[in-house]
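The structure appears below as structure tokens.
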Amino acid sequence: MKNDLFEDIKSDRSFTGNLGRILLFLVFLLVLDYTVSFFLEKGITRYYGLENDADIVLVGHSHLMLALDKETIERKLGVRVAKYTRPGVNVHDRYIMFQHYFSGHNKSPGIVVYSIDPWLFTSEGLSANSYKLFYPFMDNPWVDRYVHAEAKDLFDYFGHKFFRSSRFDVLLVNAAFRGYLGNWSNLKFGELDRAALKREIDSGEYRKITIEQENIRWFEKTLDFLAEKKVTVILLNTPIYHLLTDIQPEKYAAAMGAIRMTAARYPNVRIVDISQGLSSQPRYFFDAVHMNPEGQRTVTGIFARTLDSLVDHHQAD
Amino acid sequence: MLFNSIAYFVFLPLVVLLYFLLPQQWRNIMLLAASCYFYMVFIPVYVLILGFTIVIDYYAGIYLEKFQGDRRRYFLILSIVANVSVLAFFKYYNFVNNNISVFLASFGYINPVPDLGIALPIGLSFHTFQAMSYTIEVYRGNQKAEHNFLTYALYVMFFPQLVAGPIERPQNMLHQFYEKHHFTLDRLITGSKLILWGLFKKVVIADRLAAYTDVVYSNPHQFGSSTLLLATFFFTFQIYCDFSGYSDIAIGSAHILGFRLMQNFNLPYLSRSISDFWKRWHISLSTWFSDYVYKPMGGNRVPRYRWVFNIFTVFLLSGLWHGANWTYVIWGGLHGAYYLVEYTAAIIGRKTGLDKRIGSSIVWKIFQTMYVFVIVLVAWVFFRASSVDDAMYIVTHMLTGFTLQLYTGSSAFETVVSLALILLLFVVQLFQYKGIAGIYFFPSRIPWLFRWTGYAFTIILIGMLGVSSEKFIYFQF
């Protein structure tokens with residue numbers, strides 16, 4: 001029996017030529033895709049400081065990203081710092097970030113800095129579908145297994161596995177360019193708009209502190225893992241503008257208490273709180289939770305002095 | 001089913017494969033079944049509304065052909081009333097009822113009639129207009145009545161243009177369902193290229209810009225002039241990329257199947273007059289209003305005051321077609337006013353001889369293009385704003401009290417990327433305007449290596465910068 005489609009193909013004189021062009025284009029696309037993704041991956045690896053073994057690894061979300069200046073710490077303490085911070089990462093993501101770091105580096109860092117805040121155990125407002133954050137590192141076998149297990153369907157996994165540039169988004173493109181330019185500056189210029197914040201708080205549009213047991217478990221798992229790796233862990237509480245915590249004082253105390261209680265079980269963990277004194281000064285803030293460049297300079301200066309003694313101690317060991 | 005969903009990119013190849021594998025007599029049946037499925041993915045029960053108007057218009061067409069004299073007119077009226085009633089009920093009921101409530105409230109009365117709590121069937125304005133063009137053309141004798149019910153149903157329901165056009169005419173579409181379409185790889189390639197460009201405009205540009213405009217327009221009173229101006233500038237490109245992107249995917253999809261849909265956009269932001277703009281923007285709708293409203297009212301062959309009335313009627317109806325809100329009516333009215341001011345200025349130009357002195361200078365042409373862009377941008381404020389109050393606030397504040405305090409979106413880099421994408425779009429359109437790059441299926445003069453790099457980067461940018469969105473702006477109309 002004759003089939004119309006096959007007849008059409010037989011009578012299409014340009015079919016072979018066009019098919020050849022399609023195949024050639026696909027090869028061209030794959031090469032370009034690989035080149036773009038290679039370029040971007042190298043860029044973000046530099047940006048996060050993952051290309052070499054580091055002495056200090058900073059892990060956290062945008063609070064930490066904007067609160068600490070890695071270049072100042074490196075210059076003042078003479079150490080190599082990896083600042084592996086990504087917007088919106090929750091406690092589970094941070095566990096994966098540590099796994100990722102340690103799976104790709106033979107030398108263990110002496111110190112890791114883990115950013116804490118009163119919302120550490122709150123899921124709302126942070127990343128959902130966290131595994132997507134790790135797409136760019138799918139060439140790392142550990143990350144690949146993790147993404148494979150978490151991906152919502154096969155298209156999700158294989159789409160990002162083979163179409164490599166789709167592993168990146170606009171924020172990662174930014175990070176890659178900054179990695180190549182060696183630019184880790186805080187670009188959140190401007191000062192907290194207190195009136196706007198007050199309006200948000202009055203209308204109830206602020207992030208509520210909650211304590212979720214699942215998140216406490218991930219936090220403990222992370223500290224267990226870091227204890228196994230025999231690294232000193234600093235839980236760093238960076239400043240948050242006081243109005244946000246004053247509005248929910250009991251929950252604030254409960255969240256910080258839960259962090260302290262968990263940390264107390266680990267001899268390698270200490271808490272550094274540099275929020276006191278700074279959290280009431282709006283000039284240090286871009287918004288209620290993020291530092292501006294002036295705030296970052298101040299926080300980094302204080303933290304570098306705290307770290308100094310620890311680094312000396314580690315180098316003596 | 002959304003054109004920018006993974007499901008569509010499984011659906012389309014399957015339909016194409018089945019269409020060309022099946023014998024001719026089964027192809028339209030398969031296309032109709034696929035179109036029903038495509039529509040029912042949104043809200044399944046609404047296919048019954050479509051079915052209702054299809055049945056009415058199908059029989060109206062047959063009786064229009066069968067009878068002579070006044071009886072023909074009755075069938076035309078029946079068809080138009082049925083279509084307009086469905087549209088009025090679903091789209092304008094709440095609008096009218098709200099206005100009655102406001103009117104009664106001003107006298108201290110409460111409107112006892114409640115609003116309808118139902119969603120508007122997707123693309124209702126598009127397929128009712130397409131259905132009406134059929135009965136009107138049969139009435140005028142420009143089109144023979146379609147006696148095959150399935151073919152007529154497919155004319156209304158053909159999935160590429162079912163929910164957001166182009167609004168086709170029966171003379172262009174119906175005969176295509178009887179033609180035997182042959183598969184060619186060349187058409188697959190050219191159709192795919194258009195789909196790719198449409199997808200790029202939709203998911204990379206429009207949806208990225210939407211992230212900014214949605215925040216600003218949802219609460220405009222919180223932002224300063226520069227932010228309001230930037231948000232409106234972004235919306236001007238968002239709506240173009242959203243709707244023209246949809247049209248490109250529709251035309252490209254139909255092209256692969258061998259169907260020719262009409263061009264819906266032709267570089268509208270490079271227009272040099274408002275009348276030129278309306279020949280380039282949503283062409284299928286503006287020609288619909290021209291053919292079925294403006295010309296039957298007498299067009300420009302009437303006394304001057306009637307002509308002004310005709311122009312305003314068409315633009316106000318066009319505004320109302322887009323949505324049941326006074327903001328859309330004002331948007332249409334503004335375009336009507338622009339049109340009349342431009343017409344008057346052209347007369348003055350001719351009388352004073354200014355048009356001959358400066359009309360051909362390149363500076364004047366650039367000025368005209370910029371002036372049209374700016375007035376269209378101002379009108380878009382009314383189109384996008386949630387209320388007339390918001391729109392008035394934005395218009396009065398975006399051009400006064402200029403401040404550099406700019407909301408930079410979720411990140412400044414994203415806003416810079418948005419601006420870069422608009423620049424890229426502008427460059428591509430300039431190339432298309434100059435005939436260097438192809439528009440729709442016209443050939444390109446760009447060397448193959450640059451073209452291939454362009455296509456490859458388009459795919460890469462869709463994968464990398466594409467934003468997933470659950471809607472197209474024009475679906476609501």
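In the structure tokens, the first chain shown is A, the next is B, and so on; residue numbers restart at 1 for each chain, and ligands run from 1 in the order shown.
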Practice item. Provide as an NGL selection string the residues of chain A at most 9 Å from chain B, counting only C-alpha atoms. Key: :A and (3-6 or 8-9 or 12 or 14-15 or 18-19 or 22 or 25-26 or 28-30 or 32-33 or 36 or 163-171 or 173-174 or 187-188 or 196)
Review point. Contacts of Gly257 (chain A) at 12 Å or less, counting only C-alpha atoms, minus same-chain residues fewer than 2 places along, as a PyMOL selection string?
Key: chain A and resi 116-118+120-121+211+249-255+259-264+271
Write to file, as a CSV table (one decimal), in the first residue's frame, the residues of the selection just made, with N, CA and C atoms.
```
chain,number,residue,atom,x,y,z
A,116,ILE,N,23.9,31.8,59.3
A,116,ILE,CA,22.6,31.5,60.0
A,116,ILE,C,21.8,32.8,60.2
A,117,ASP,N,20.5,32.7,60.3
A,117,ASP,CA,19.7,33.8,60.6
A,117,ASP,C,18.4,33.2,61.3
A,118,PRO,N,17.5,34.1,61.7
A,118,PRO,CA,16.3,33.5,62.4
A,118,PRO,C,15.4,32.7,61.5
A,120,LEU,N,16.4,30.4,59.5
A,120,LEU,CA,17.2,29.2,59.1
A,120,LEU,C,16.3,27.9,58.9
A,121,PHE,N,15.3,27.8,59.8
A,121,PHE,CA,14.5,26.6,59.8
A,121,PHE,C,13.1,26.9,59.1
A,211,ILE,N,9.7,27.4,62.7
A,211,ILE,CA,10.7,26.4,62.9
A,211,ILE,C,10.1,25.1,62.4
A,249,PRO,N,9.5,38.9,68.5
A,249,PRO,CA,10.6,38.6,69.4
A,249,PRO,C,10.6,37.2,69.9
A,250,GLU,N,9.5,36.6,70.2
A,250,GLU,CA,9.5,35.3,70.8
A,250,GLU,C,10.0,34.3,69.7
A,251,LYS,N,9.5,34.5,68.5
A,251,LYS,CA,9.9,33.5,67.5
A,251,LYS,C,11.4,33.7,67.2
A,252,TYR,N,11.9,34.9,67.2
A,252,TYR,CA,13.3,35.2,67.0
A,252,TYR,C,14.1,34.4,68.1
A,253,ALA,N,13.7,34.6,69.3
A,253,ALA,CA,14.4,34.0,70.4
A,253,ALA,C,14.4,32.4,70.3
A,254,ALA,N,13.2,31.9,69.9
A,254,ALA,CA,13.1,30.5,69.7
A,254,ALA,C,14.0,29.9,68.6
A,255,ALA,N,14.0,30.6,67.5
A,255,ALA,CA,14.8,30.2,66.3
A,255,ALA,C,16.3,30.2,66.7
A,259,ILE,N,19.0,27.0,67.2
A,259,ILE,CA,20.3,26.9,66.5
A,259,ILE,C,21.4,26.7,67.6
A,260,ARG,N,21.3,27.5,68.7
A,260,ARG,CA,22.4,27.4,69.7
A,260,ARG,C,22.3,25.9,70.3
A,261,MET,N,21.1,25.4,70.5
A,261,MET,CA,21.0,24.1,71.2
A,261,MET,C,21.6,23.0,70.3
A,262,THR,N,21.4,23.1,69.0
A,262,THR,CA,21.9,22.1,68.0
A,262,THR,C,23.4,22.3,68.0
A,263,ALA,N,23.9,23.5,67.9
A,263,ALA,CA,25.4,23.8,67.8
A,263,ALA,C,26.1,23.3,69.0
A,264,ALA,N,25.5,23.4,70.1
A,264,ALA,CA,26.1,23.0,71.4
A,264,ALA,C,26.6,21.5,71.4
A,271,ILE,N,29.5,29.7,67.4
A,271,ILE,CA,28.6,30.7,66.8
A,271,ILE,C,29.2,32.1,66.9
```
Point to revise | Among the residues B:Thr213, B:Ile205, B:Arg357, B:Phe89, the one that comes closest to Cys241 (chain B) [using only C-alpha atoms] | key: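 Of B:Thr213, B:Ile205, B:Arg357, B:Phe89, the one nearest Cys241 (chain B), counting only C-alpha atoms, is B:Ile205.
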**Study point:** For Arg178 (chain A): contacts at 8 Å, only C-alpha atoms, fewer than 6 positions along chain excluded, given as a PyMOL selection string
**Key:** chain A and resi 43+47+184
Which residues of region 252-273 of chain B come within 7 Å of region 155-173 of chain B, and what is each one's closest atom pair and distance in Å (one decimal), counting only C-alpha atoms, sorted by chain and residue number, as a tab-separated table?
```
residue	atom	partner	partner_atom	distance
B:Ser253	CA	B:Pro160	CA	6.4
B:Ala254	CA	B:Pro160	CA	6.1
B:Met262	CA	B:Pro166	CA	6.6
B:Asn264	CA	B:Pro166	CA	6.1
```
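The interatomic distance for the pair CA of Thr232 (chain A) and CA of Asn268 (chain A) works out to 5.0 Å.
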Review point. For the atom pair CA of Gly123 (chain B) and CA of Phe373 (chain B), what is the interatomic distance in Å to one decimal place?
Key: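 According to the coordinates, CA of Gly123 (chain B) and CA of Phe373 (chain B) are separated by 27.5 Å.
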Check your understanding: Looking only at the backbone, which of the residues in region 188-305 of chain A does DSSP tag as alpha helix (DSSP H), as a PyMOL selection string?
Key -> chain A and resi 194-202+213-228+242-246+249-263+293-305
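Residues with any atom within 9 Å of region 306-318 of chain B, counting only C-alpha atoms and excluding same-chain neighbours fewer than 3 positions away, are Leu285, Ser286, Phe289, Ser290, Val293, Tyr294, Lys295, Met297, Gly298, Gly299, Asn300, Arg301, Val302, Pro303, Trp321, His322, Tyr328, Val329, Ile330, Trp331, Gly332, Gly333, Leu334, His335, Gly336, Ala337, Tyr339 and Leu340 of chain B.
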Serialized selection, N, CA and C atoms, as a short mmCIF file (atom, residue, chain, number, x, y, z; two decimals), in the first residue's frame:
```
data_model
loop_
_atom_site.label_atom_id
_atom_site.label_comp_id
_atom_site.auth_asym_id
_atom_site.auth_seq_id
_atom_site.Cartn_x
_atom_site.Cartn_y
_atom_site.Cartn_z
N LEU B 285 -7.14 41.76 12.84
CA LEU B 285 -8.24 42.43 13.54
C LEU B 285 -8.56 43.78 12.90
N SER B 286 -7.51 44.55 12.56
CA SER B 286 -7.79 45.89 12.01
C SER B 286 -8.48 45.77 10.65
N PHE B 289 -12.20 44.90 11.36
CA PHE B 289 -13.01 46.08 11.70
C PHE B 289 -13.21 46.97 10.47
N SER B 290 -12.20 47.06 9.65
CA SER B 290 -12.31 47.88 8.45
C SER B 290 -13.37 47.30 7.50
N VAL B 293 -17.05 46.75 9.83
CA VAL B 293 -17.64 47.85 10.62
C VAL B 293 -17.46 49.19 9.90
N TYR B 294 -16.21 49.53 9.63
CA TYR B 294 -15.91 50.87 9.09
C TYR B 294 -16.52 51.07 7.70
N LYS B 295 -16.24 50.16 6.80
CA LYS B 295 -16.75 50.33 5.43
C LYS B 295 -18.28 50.26 5.37
N MET B 297 -20.27 51.26 7.51
CA MET B 297 -20.79 52.53 8.06
C MET B 297 -20.61 53.69 7.08
N GLY B 298 -19.96 53.39 5.97
CA GLY B 298 -19.75 54.44 4.97
C GLY B 298 -18.29 54.81 4.80
N GLY B 299 -17.43 54.33 5.70
CA GLY B 299 -16.00 54.61 5.59
C GLY B 299 -15.73 56.10 5.55
N ASN B 300 -14.97 56.53 4.54
CA ASN B 300 -14.66 57.97 4.43
C ASN B 300 -15.50 58.64 3.34
N ARG B 301 -16.46 57.87 2.78
CA ARG B 301 -17.32 58.46 1.74
C ARG B 301 -18.60 59.03 2.34
N VAL B 302 -18.45 59.74 3.39
CA VAL B 302 -19.59 60.33 4.11
C VAL B 302 -19.18 61.74 4.53
N PRO B 303 -20.14 62.56 4.97
CA PRO B 303 -19.76 63.89 5.46
C PRO B 303 -18.71 63.79 6.57
N TRP B 321 -13.23 45.41 22.32
CA TRP B 321 -12.98 44.03 21.91
C TRP B 321 -11.87 43.42 22.77
N HIS B 322 -10.87 44.25 23.10
CA HIS B 322 -9.74 43.73 23.85
C HIS B 322 -10.11 43.39 25.29
N TYR B 328 -9.53 49.88 28.41
CA TYR B 328 -9.42 49.48 27.00
C TYR B 328 -10.17 50.45 26.10
N VAL B 329 -11.31 50.94 26.61
CA VAL B 329 -12.10 51.89 25.82
C VAL B 329 -11.28 53.17 25.62
N ILE B 330 -10.64 53.62 26.70
CA ILE B 330 -9.82 54.84 26.60
C ILE B 330 -8.64 54.59 25.64
N TRP B 331 -8.05 53.41 25.74
CA TRP B 331 -6.94 53.06 24.84
C TRP B 331 -7.40 53.18 23.38
N GLY B 332 -8.58 52.63 23.09
CA GLY B 332 -9.10 52.71 21.72
C GLY B 332 -9.39 54.16 21.34
N GLY B 333 -10.00 54.91 22.29
CA GLY B 333 -10.33 56.31 22.03
C GLY B 333 -9.08 57.14 21.76
N LEU B 334 -8.03 56.85 22.51
CA LEU B 334 -6.78 57.59 22.30
C LEU B 334 -6.25 57.37 20.89
N HIS B 335 -6.30 56.12 20.43
CA HIS B 335 -5.83 55.84 19.07
C HIS B 335 -6.70 56.54 18.03
N GLY B 336 -8.02 56.62 18.32
CA GLY B 336 -8.92 57.36 17.42
C GLY B 336 -8.52 58.83 17.36
N ALA B 337 -8.23 59.39 18.55
CA ALA B 337 -7.83 60.81 18.61
C ALA B 337 -6.51 61.02 17.87
N TYR B 339 -5.38 59.36 15.43
CA TYR B 339 -5.64 59.21 14.00
C TYR B 339 -6.17 60.52 13.42
N LEU B 340 -7.11 61.13 14.16
CA LEU B 340 -7.73 62.36 13.65
C LEU B 340 -6.75 63.54 13.69
#
```
Exercise for review: Within 6 Å of Val269 (chain A), counting only C-alpha atoms, which residues show up once you throw out same-chain ones fewer than 2 positions away? Write them as an NGL selection string, please.
Suggested key: :A and (233-234 or 266-267)
Only C-alpha atoms, please: the residues just picked out, written as a tab-separated table (two decimals), in the first residue's frame.
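Saved as out_13.tsv:
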```tsv
chain	number	residue	atom	x	y	z
A	233	VAL	CA	32.45	25.33	61.63
A	234	ILE	CA	31.54	28.94	62.27
A	266	TYR	CA	29.20	19.70	68.24
A	267	PRO	CA	32.61	20.57	69.69
```
Exercise for review: Do a neighbour search on Gly301 (chain A) at 12 Å with only C-alpha atoms, toss out local chain neighbours closer than 4 positions, and write the hits as a PyMOL selection string.
Suggested key: chain A and resi 67-77+274+294-297+305-308
Review point. Expressed in Å to a single decimal, how great is the separation between CA of Tyr93 (chain B) and CA of Gly51 (chain B)?
Key: 21.0 Å
Exercise for review: Measuring atom to atom with only C-alpha atoms, identify which of B:Val381, B:Ile249, B:Leu64, B:Ala119 is nearest to Val203 (chain B).
Suggested key: B:Ile249
Review point. Hey, what's within 9 Å of region 150-153 of chain A if we count only C-alpha atoms and toss same-chain stuff fewer than 2 positions away? As a list in words, please?
Key: Asn129, Ser130, Tyr131, Lys132, Arg145, Tyr146, Val147, His148, Phe155, Asp156, Tyr157 and Phe158 of chain A
Study note, to complete from the structure: For Asp242 (chain B), the closest of B:Asn28, B:Phe3, B:His175, B:Cys36 counting only C-alpha atoms is B:Phe3
